[in-house]
Amino acid sequence: MSISKSPTPNNYVLIVFDSCRYDSFLRAGPAAIKKLGQIERRWSYATWTGPSHYNLLSGLLPHSSPRHVYASEYYKKEFLKFNERLGTDNIEFKSLIPKLYFPVFLKESLGYRTHAMVSLPVLNPKTILNSGFDSFELMEKHNDMRAMLGKMSFSDEQPSFYLLNVGETHYPYALPDEPPELWPRISGVHGVFKHLDDHVVGGELVVGEEKFFDNTRLKELRDRQIEAVRYLDRVVEELFDHLPHNTYVTITSDHGELFGEGGYFGHGPIQHKKVLEVPFVEGKIR
Ligand SMILES: [Zn+2]
């Protein structure tokens, strides 16, 4: 390949707060995360965890929905940003041809060590997403980003790529020290799976067995997601302390979440602005 490498390619960490709405993220006022850069409102390419992560790993990070521009022009421009992220100088969309899959490109063309740690079982290592990774781990708990930190390592010899799929912001918006018996239960919604057999069912679908949710309950759920972001901001601060200086970090979501707007709860088979609206912030560790 003709991709030139800078003398010190950046490590790259892509952090996905699963299901985190843009406005939940803003409301939390994440001070540590803001040090990366300005928090942008962007739009996910998909409304569900699996397809959204496929897009992210294809290099299609959430878009800005630009008007009066051809999609091909936007892709070209967006892909040039990977040069800044990785510290390279001639990556473009066609660099990913033919696989169009970022981990494969990083590993085979740029010599990265490639790792994924995921919280949601629909992203488990048996899925097709696990291609081009040196390691791909489904975490023991669906909601413990801090457990990922101790498993991250970096080398002076080789740059590293990490995908971290973080589950604290996913229903039931529980922090790792909250006992499961205290988690809010919504009849018909199964957000967490214990066994591989259950994965196919997908916990993301909305079933309104109850009359639908009352506003107080929906607000409580939304407040829990905001609280999860506040908590994660502290974990991210710990992460920043561990990362080498030549590391570029992107923090975003795979899709948003509905808390009653339009009669919807959750994400997945929903056509609504709030299920596509996601936060996006990135920058280099200094
Ligand atoms: Zn998701």
# chains A, B, ... in the order shown; residues from 1 in each chain; ligands from 1
>>> residues_around(residues="Phe102 in chain A", least_positions_apart="4", cutoff="7 Å", atoms="only C-alpha atoms", output="VMD selection string")
chain A and resid 57 to 59 96 106
>>> residues_near_ligand(ligand="ligand 1", cutoff="6 Å", atoms="only C-alpha atoms and all ligand atoms", output="PDB file with C-alpha atoms, in the first residue's frame")
ATOM      1  CA  ASP A  18     -24.392   3.126  23.650  1.00  0.00           C
ATOM      2  CA  SER A  19     -27.850   4.737  23.226  1.00  0.00           C
ATOM      3  CA  TRP A  48     -29.772   0.126  16.170  1.00  0.00           C
ATOM      4  CA  THR A  49     -26.560  -1.104  17.802  1.00  0.00           C
ATOM      5  CA  ASP A 254     -24.274   4.599  18.108  1.00  0.00           C
TER       6      ASP A 254
END
>>> residues_around(residues="Gly50 in chain A", least_positions_apart="3", cutoff="10 Å", atoms="only C-alpha atoms", output="MDAnalysis selection string")
chainID A and resid 46:47 53:55 120:124 127:129 202 254
>>> write_last_selection(atoms="N, CA, C and O atoms", output="short mmCIF file (atom, residue, chain, number, x, y, z; two decimals), in the first residue's frame")
data_model
loop_
_atom_site.label_atom_id
_atom_site.label_comp_id
_atom_site.auth_asym_id
_atom_site.auth_seq_id
_atom_site.Cartn_x
_atom_site.Cartn_y
_atom_site.Cartn_z
N ALA A 46 -27.55 4.91 11.61
CA ALA A 46 -28.48 3.81 11.89
C ALA A 46 -29.09 3.97 13.28
O ALA A 46 -28.56 4.70 14.12
N THR A 47 -30.19 3.28 13.52
CA THR A 47 -30.92 3.44 14.78
C THR A 47 -30.76 2.25 15.71
O THR A 47 -31.44 2.17 16.73
N HIS A 53 -22.77 0.12 14.61
CA HIS A 53 -21.35 -0.18 14.81
C HIS A 53 -20.69 -0.63 13.51
O HIS A 53 -19.50 -0.38 13.29
N TYR A 54 -21.44 -1.28 12.65
CA TYR A 54 -20.86 -1.62 11.34
C TYR A 54 -20.47 -0.34 10.60
O TYR A 54 -19.39 -0.24 10.01
N ASN A 55 -21.35 0.63 10.65
CA ASN A 55 -21.03 1.92 10.01
C ASN A 55 -19.80 2.57 10.64
O ASN A 55 -18.90 3.02 9.94
N LEU A 120 -22.39 -4.65 24.80
CA LEU A 120 -23.69 -5.15 24.36
C LEU A 120 -23.53 -6.49 23.64
O LEU A 120 -22.75 -6.58 22.68
N PRO A 121 -24.23 -7.51 24.11
CA PRO A 121 -24.06 -8.84 23.51
C PRO A 121 -24.39 -8.92 22.02
O PRO A 121 -23.91 -9.83 21.35
N VAL A 122 -25.19 -8.00 21.49
CA VAL A 122 -25.44 -8.06 20.04
C VAL A 122 -24.17 -7.76 19.23
O VAL A 122 -24.16 -7.92 18.02
N LEU A 123 -23.12 -7.31 19.93
CA LEU A 123 -21.83 -7.06 19.26
C LEU A 123 -20.81 -8.14 19.61
O LEU A 123 -19.62 -7.92 19.49
N ASN A 124 -21.26 -9.29 20.07
CA ASN A 124 -20.32 -10.30 20.59
C ASN A 124 -19.30 -10.73 19.53
O ASN A 124 -19.49 -10.51 18.34
N THR A 127 -19.96 -12.16 15.99
CA THR A 127 -20.64 -11.40 14.94
C THR A 127 -19.66 -11.06 13.82
O THR A 127 -18.43 -11.10 13.99
N ILE A 128 -20.21 -10.66 12.71
CA ILE A 128 -19.40 -10.32 11.54
C ILE A 128 -18.57 -9.07 11.77
O ILE A 128 -17.61 -8.79 11.04
N LEU A 129 -18.91 -8.33 12.82
CA LEU A 129 -18.13 -7.12 13.13
C LEU A 129 -16.69 -7.47 13.50
O LEU A 129 -15.79 -6.66 13.35
N GLY A 202 -32.64 -9.59 20.66
CA GLY A 202 -32.37 -8.15 20.63
C GLY A 202 -33.15 -7.46 21.70
O GLY A 202 -34.35 -7.52 21.72
N ASP A 254 -23.89 5.36 19.30
CA ASP A 254 -24.27 4.60 18.11
C ASP A 254 -25.67 5.00 17.62
O ASP A 254 -26.01 4.78 16.46
#
>>> residues_around(residues="Ile15 in chain A", least_positions_apart="4", cutoff="7 Å", atoms="only C-alpha atoms", output="list in words")
Leu163, Leu164, Asn165, Thr250, Ile251 and Thr252 of chain A
>>> closest_residue(among="A:Pro159, A:Ser44, A:His170, A:Val236", to="Gly111 in chain A", atoms="only C-alpha atoms")
A:Pro159
>>> select_by_dssp(residues="range 24-257 of chain A", states="alpha helix (DSSP H)", output="PyMOL selection string")
chain A and resi 24-28+31-34+49-57+71-86+102-110+146-149+196-199+215-242
>>> atom_distance(atom1="CA of Phe93 in chain A", atom2="CA of Tyr22 in chain A")
27.0 Å
>>> closest_residue(among="A:Asn246, A:Ser253, A:Ser135, A:Gln271", to="Phe17 in chain A", atoms="only C-alpha atoms")
A:Ser253
>>> closest_residue(among="A:Lys99, A:Lys151, A:Arg41, A:Lys35", to="Arg286 in chain A", atoms="only C-alpha atoms")
A:Lys35
>>> atom_distance(atom1="CA of Asn215 in chain A", atom2="CA of Gly260 in chain A")
7.5 Å
>>> closest_residue(among="A:Ala174, A:Ile33, A:Ala228, A:Leu239", to="Pro279 in chain A", atoms="only C-alpha atoms")
A:Ile33
>>> residues_around(residues="Glu257 in chain A", least_positions_apart="5", cutoff="12 Å", atoms="only C-alpha atoms", output="short mmCIF file (atom, residue, chain, number, x, y, z; two decimals) with N, CA, C and O atoms, in the first residue's frame")
data_model
loop_
_atom_site.label_atom_id
_atom_site.label_comp_id
_atom_site.auth_asym_id
_atom_site.auth_seq_id
_atom_site.Cartn_x
_atom_site.Cartn_y
_atom_site.Cartn_z
N PHE A 17 -20.70 5.58 23.55
CA PHE A 17 -21.65 5.51 24.66
C PHE A 17 -22.96 4.99 24.07
O PHE A 17 -23.70 5.73 23.42
N ASP A 18 -23.25 3.74 24.32
CA ASP A 18 -24.39 3.13 23.65
C ASP A 18 -25.70 3.80 24.05
O ASP A 18 -25.97 4.00 25.23
N SER A 19 -26.50 4.16 23.05
CA SER A 19 -27.85 4.74 23.23
C SER A 19 -27.86 6.15 23.79
O SER A 19 -28.93 6.66 24.16
N CYS A 20 -26.70 6.78 23.89
CA CYS A 20 -26.67 8.09 24.56
C CYS A 20 -27.18 9.20 23.66
O CYS A 20 -26.61 9.49 22.62
N ARG A 21 -28.22 9.85 24.11
CA ARG A 21 -28.78 10.97 23.38
C ARG A 21 -27.87 12.18 23.45
O ARG A 21 -27.21 12.42 24.46
N TYR A 22 -27.89 12.96 22.40
CA TYR A 22 -27.12 14.21 22.38
C TYR A 22 -27.48 15.11 23.55
O TYR A 22 -26.61 15.63 24.26
N ASP A 23 -28.78 15.27 23.81
CA ASP A 23 -29.15 16.22 24.87
C ASP A 23 -28.89 15.66 26.26
O ASP A 23 -28.64 16.43 27.19
N SER A 24 -28.91 14.35 26.43
CA SER A 24 -28.50 13.77 27.73
C SER A 24 -27.03 14.08 27.98
O SER A 24 -26.62 14.42 29.09
N PHE A 25 -26.25 13.93 26.93
CA PHE A 25 -24.80 14.16 27.00
C PHE A 25 -24.53 15.61 27.40
O PHE A 25 -23.75 15.89 28.30
N SER A 44 -26.46 9.78 13.54
CA SER A 44 -26.01 8.41 13.29
C SER A 44 -26.56 7.93 11.94
O SER A 44 -27.61 8.37 11.50
N THR A 47 -30.19 3.28 13.52
CA THR A 47 -30.92 3.44 14.78
C THR A 47 -30.76 2.25 15.71
O THR A 47 -31.44 2.17 16.73
N TRP A 48 -29.92 1.32 15.35
CA TRP A 48 -29.77 0.13 16.17
C TRP A 48 -28.30 -0.22 16.32
O TRP A 48 -27.48 0.08 15.45
N THR A 49 -27.95 -0.90 17.41
CA THR A 49 -26.56 -1.10 17.80
C THR A 49 -25.71 -1.82 16.73
O THR A 49 -24.62 -1.35 16.41
N THR A 169 -24.83 3.80 29.53
CA THR A 169 -25.86 4.70 28.99
C THR A 169 -27.00 3.95 28.30
O THR A 169 -27.96 4.56 27.84
N HIS A 170 -26.87 2.64 28.20
CA HIS A 170 -27.92 1.81 27.61
C HIS A 170 -28.95 1.46 28.69
O HIS A 170 -28.60 1.33 29.87
N TYR A 171 -30.21 1.31 28.30
CA TYR A 171 -31.23 0.83 29.23
C TYR A 171 -30.70 -0.39 29.98
O TYR A 171 -30.12 -1.25 29.35
N PRO A 172 -30.80 -0.52 31.29
CA PRO A 172 -31.56 0.34 32.21
C PRO A 172 -30.77 1.50 32.83
O PRO A 172 -31.14 1.95 33.90
N TYR A 173 -29.72 1.95 32.12
CA TYR A 173 -28.97 3.14 32.58
C TYR A 173 -28.45 2.93 34.00
O TYR A 173 -28.61 3.79 34.87
N GLU A 204 -33.51 -4.43 22.16
CA GLU A 204 -33.64 -3.03 21.85
C GLU A 204 -35.05 -2.69 21.41
O GLU A 204 -35.39 -1.55 21.23
N LEU A 205 -35.86 -3.69 21.19
CA LEU A 205 -37.17 -3.44 20.63
C LEU A 205 -38.15 -2.94 21.68
O LEU A 205 -38.03 -3.21 22.86
N VAL A 206 -39.13 -2.24 21.21
CA VAL A 206 -40.10 -1.64 22.10
C VAL A 206 -41.38 -2.45 22.07
O VAL A 206 -41.93 -2.72 21.03
N LEU A 218 -40.78 8.18 32.65
CA LEU A 218 -39.90 8.45 31.53
C LEU A 218 -38.83 9.48 31.91
O LEU A 218 -37.68 9.37 31.51
N LEU A 221 -36.17 7.79 33.86
CA LEU A 221 -35.26 7.02 33.00
C LEU A 221 -34.27 7.94 32.31
O LEU A 221 -33.08 7.66 32.23
N ARG A 222 -34.77 9.07 31.84
CA ARG A 222 -33.88 10.00 31.16
C ARG A 222 -32.85 10.57 32.14
O ARG A 222 -31.67 10.71 31.81
N GLN A 225 -30.04 8.25 32.50
CA GLN A 225 -29.05 8.29 31.42
C GLN A 225 -28.10 9.48 31.60
O GLN A 225 -26.90 9.36 31.38
N ILE A 226 -28.66 10.62 32.01
CA ILE A 226 -27.82 11.80 32.25
C ILE A 226 -26.81 11.51 33.37
O ILE A 226 -25.63 11.83 33.27
N GLY A 262 -43.16 11.35 20.72
CA GLY A 262 -43.83 10.68 19.61
C GLY A 262 -44.44 9.33 19.99
O GLY A 262 -44.82 8.55 19.11
N TYR A 264 -42.76 6.94 21.62
CA TYR A 264 -41.73 5.91 21.52
C TYR A 264 -40.91 5.82 22.79
O TYR A 264 -40.66 6.82 23.47
N PHE A 265 -40.45 4.61 23.07
CA PHE A 265 -39.41 4.43 24.08
C PHE A 265 -38.29 3.59 23.49
O PHE A 265 -38.53 2.59 22.82
N GLY A 266 -37.05 4.00 23.76
CA GLY A 266 -35.90 3.19 23.34
C GLY A 266 -35.39 3.58 21.96
O GLY A 266 -35.37 4.75 21.58
N HIS A 267 -34.97 2.57 21.21
CA HIS A 267 -34.40 2.80 19.88
C HIS A 267 -34.65 1.55 19.05
O HIS A 267 -35.25 0.60 19.53
N GLY A 268 -34.21 1.55 17.81
CA GLY A 268 -34.46 0.38 16.94
C GLY A 268 -35.47 0.73 15.87
O GLY A 268 -35.21 1.58 15.02
N PRO A 269 -36.65 0.10 15.90
CA PRO A 269 -37.61 0.33 14.80
C PRO A 269 -38.38 1.64 15.02
O PRO A 269 -39.59 1.64 15.22
N ILE A 270 -37.64 2.71 14.99
CA ILE A 270 -38.21 4.02 15.29
C ILE A 270 -37.73 5.02 14.24
O ILE A 270 -36.55 5.06 13.92
N GLN A 271 -38.65 5.77 13.72
CA GLN A 271 -38.30 6.85 12.80
C GLN A 271 -38.59 8.17 13.53
O GLN A 271 -39.74 8.60 13.63
N HIS A 272 -37.55 8.72 14.12
CA HIS A 272 -37.72 9.95 14.91
C HIS A 272 -36.35 10.63 14.99
O HIS A 272 -35.33 9.96 15.11
N LYS A 273 -36.37 11.94 14.98
CA LYS A 273 -35.12 12.71 15.03
C LYS A 273 -34.22 12.31 16.21
O LYS A 273 -33.01 12.20 16.07
N LYS A 274 -34.86 12.09 17.36
CA LYS A 274 -34.07 11.86 18.58
C LYS A 274 -33.36 10.51 18.60
O LYS A 274 -32.48 10.29 19.42
N VAL A 275 -33.75 9.59 17.73
CA VAL A 275 -33.07 8.30 17.72
C VAL A 275 -31.82 8.34 16.83
O VAL A 275 -31.00 7.44 16.85
N LEU A 276 -31.69 9.42 16.07
CA LEU A 276 -30.50 9.58 15.22
C LEU A 276 -29.54 10.65 15.74
O LEU A 276 -28.38 10.70 15.35
N GLU A 277 -30.03 11.49 16.64
CA GLU A 277 -29.24 12.63 17.11
C GLU A 277 -28.24 12.17 18.17
O GLU A 277 -28.63 11.62 19.20
N VAL A 278 -26.95 12.37 17.91
CA VAL A 278 -25.92 11.86 18.82
C VAL A 278 -24.84 12.92 19.09
O VAL A 278 -24.61 13.80 18.27
#
>>> atom_distance(atom1="CA of Asn10 in chain A", atom2="CA of His242 in chain A")
14.8 Å
>>> residues_around(residues="His245 in chain A", least_positions_apart="3", cutoff="12 Å", atoms="only C-alpha atoms", output="compact mmCIF listing (two decimals) with N, CA, C and O atoms, in the first residue's frame")
# COMPACT_ATOMS: atom_id res chain seq x y z
N THR A 8 5.57 8.91 14.13
CA THR A 8 4.87 8.52 15.35
C THR A 8 3.36 8.50 15.09
O THR A 8 2.67 9.47 15.37
N PRO A 9 2.87 7.40 14.52
CA PRO A 9 1.42 7.32 14.28
C PRO A 9 0.68 7.38 15.62
O PRO A 9 1.18 6.90 16.63
N ASN A 10 -0.48 7.96 15.60
CA ASN A 10 -1.26 8.07 16.84
C ASN A 10 -1.93 6.76 17.19
O ASN A 10 -2.38 6.04 16.31
N ASN A 11 -2.03 6.50 18.47
CA ASN A 11 -3.02 5.51 18.91
C ASN A 11 -4.38 6.14 18.68
O ASN A 11 -4.54 7.36 18.73
N TYR A 12 -5.37 5.29 18.43
CA TYR A 12 -6.71 5.84 18.20
C TYR A 12 -7.72 5.07 19.04
O TYR A 12 -7.78 3.84 18.99
N PHE A 154 -0.54 -0.12 25.57
CA PHE A 154 -0.01 0.57 24.40
C PHE A 154 1.46 0.25 24.25
O PHE A 154 2.15 -0.05 25.23
N ASP A 156 5.30 1.28 22.30
CA ASP A 156 6.05 2.31 21.56
C ASP A 156 6.35 1.83 20.15
O ASP A 156 6.64 2.62 19.26
N PRO A 159 1.39 1.33 16.86
CA PRO A 159 0.21 2.07 17.33
C PRO A 159 -0.94 1.10 17.61
O PRO A 159 -0.99 0.00 17.06
N LEU A 239 -9.26 7.47 32.21
CA LEU A 239 -8.69 6.94 30.96
C LEU A 239 -7.66 7.92 30.40
O LEU A 239 -6.56 7.50 30.00
N PHE A 240 -8.01 9.19 30.37
CA PHE A 240 -7.09 10.20 29.82
C PHE A 240 -5.75 10.16 30.55
O PHE A 240 -4.70 10.34 29.96
N ASP A 241 -5.80 9.92 31.86
CA ASP A 241 -4.56 9.86 32.64
C ASP A 241 -3.69 8.67 32.23
O ASP A 241 -2.48 8.69 32.43
N HIS A 242 -4.33 7.64 31.69
CA HIS A 242 -3.59 6.43 31.31
C HIS A 242 -3.09 6.44 29.87
O HIS A 242 -2.23 5.66 29.50
N TYR A 248 -5.27 9.78 19.94
CA TYR A 248 -6.42 10.56 19.49
C TYR A 248 -7.69 9.83 19.94
O TYR A 248 -7.78 8.61 19.83
N VAL A 249 -8.63 10.58 20.48
CA VAL A 249 -9.85 9.97 21.04
C VAL A 249 -11.08 10.57 20.39
O VAL A 249 -11.18 11.80 20.24
N GLY A 283 -10.49 14.67 19.87
CA GLY A 283 -9.27 15.46 19.97
C GLY A 283 -8.10 14.59 20.41
O GLY A 283 -8.27 13.41 20.71
N LYS A 284 -6.94 15.22 20.41
CA LYS A 284 -5.72 14.48 20.78
C LYS A 284 -5.39 14.74 22.24
O LYS A 284 -5.56 15.85 22.74
N ILE A 285 -4.94 13.69 22.91
CA ILE A 285 -4.53 13.82 24.31
C ILE A 285 -3.26 14.65 24.38
O ILE A 285 -2.30 14.40 23.66
N ARG A 286 -3.27 15.63 25.25
CA ARG A 286 -2.08 16.51 25.36
C ARG A 286 -1.40 16.34 26.71
O ARG A 286 -1.99 15.93 27.64
>>> closest_residue(among="A:Trp183, A:Phe79, A:Phe133, A:Tyr112", to="Ser155 in chain A", atoms="only C-alpha atoms")
A:Tyr112
>>> decode(residues="range 131-154 of chain A", atoms="N, CA and C atoms", output="CSV table (one decimal), in the first residue's frame")
chain,number,residue,atom,x,y,z
A,131,SER,N,-13.8,-8.6,12.5
A,131,SER,CA,-13.0,-8.8,11.4
A,131,SER,C,-11.8,-7.8,11.4
A,132,GLY,N,-10.6,-8.3,11.3
A,132,GLY,CA,-9.4,-7.4,11.4
A,132,GLY,C,-9.0,-7.0,12.8
A,133,PHE,N,-9.6,-7.7,13.8
A,133,PHE,CA,-9.2,-7.4,15.2
A,133,PHE,C,-8.2,-8.4,15.7
A,134,ASP,N,-7.2,-7.9,16.4
A,134,ASP,CA,-6.3,-8.8,17.2
A,134,ASP,C,-7.0,-9.4,18.4
A,135,SER,N,-7.9,-8.6,19.0
A,135,SER,CA,-8.7,-9.1,20.1
A,135,SER,C,-10.0,-8.5,20.1
A,136,PHE,N,-11.0,-9.2,20.5
A,136,PHE,CA,-12.4,-8.7,20.5
A,136,PHE,C,-13.1,-9.4,21.7
A,137,GLU,N,-13.5,-8.6,22.7
A,137,GLU,CA,-14.0,-9.2,23.9
A,137,GLU,C,-15.3,-8.6,24.3
A,138,LEU,N,-16.2,-9.5,24.6
A,138,LEU,CA,-17.5,-9.1,25.2
A,138,LEU,C,-17.3,-9.0,26.7
A,139,MET,N,-17.5,-7.9,27.3
A,139,MET,CA,-17.2,-7.7,28.7
A,139,MET,C,-18.1,-8.5,29.6
A,140,GLU,N,-17.7,-8.8,30.8
A,140,GLU,CA,-18.5,-9.7,31.7
A,140,GLU,C,-19.7,-8.9,32.1
A,141,LYS,N,-19.6,-7.6,32.4
A,141,LYS,CA,-20.8,-6.9,32.7
A,141,LYS,C,-21.1,-5.9,31.6
A,142,HIS,N,-22.4,-5.6,31.4
A,142,HIS,CA,-22.8,-4.8,30.3
A,142,HIS,C,-22.5,-3.3,30.6
A,143,ASN,N,-22.2,-3.0,31.9
A,143,ASN,CA,-22.1,-1.6,32.3
A,143,ASN,C,-20.9,-1.3,33.1
A,144,ASP,N,-19.7,-1.6,32.7
A,144,ASP,CA,-18.6,-1.3,33.5
A,144,ASP,C,-17.4,-0.8,32.6
A,145,MET,N,-17.4,0.4,32.2
A,145,MET,CA,-16.3,0.9,31.3
A,145,MET,C,-15.0,0.9,32.1
A,146,ARG,N,-15.1,1.1,33.4
A,146,ARG,CA,-13.8,1.2,34.2
A,146,ARG,C,-13.1,-0.2,34.1
A,147,ALA,N,-13.8,-1.3,33.9
A,147,ALA,CA,-13.1,-2.6,33.8
A,147,ALA,C,-12.3,-2.7,32.5
A,148,MET,N,-12.7,-1.8,31.5
A,148,MET,CA,-12.0,-1.9,30.3
A,148,MET,C,-10.6,-1.2,30.4
A,149,LEU,N,-10.5,-0.2,31.3
A,149,LEU,CA,-9.3,0.6,31.4
A,149,LEU,C,-8.1,-0.3,31.7
A,150,GLY,N,-8.3,-1.2,32.7
A,150,GLY,CA,-7.2,-2.0,33.1
A,150,GLY,C,-6.7,-3.0,32.0
A,151,LYS,N,-7.5,-3.2,31.0
A,151,LYS,CA,-7.2,-4.2,30.0
A,151,LYS,C,-6.5,-3.5,28.8
A,152,MET,N,-6.4,-2.2,28.8
A,152,MET,CA,-5.8,-1.5,27.7
A,152,MET,C,-4.3,-1.3,27.8
A,153,SER,N,-3.5,-1.6,26.8
A,153,SER,CA,-2.1,-1.4,26.8
A,153,SER,C,-1.6,-0.8,25.5
A,154,PHE,N,-0.5,-0.1,25.6
A,154,PHE,CA,0.0,0.6,24.4
A,154,PHE,C,1.5,0.2,24.3
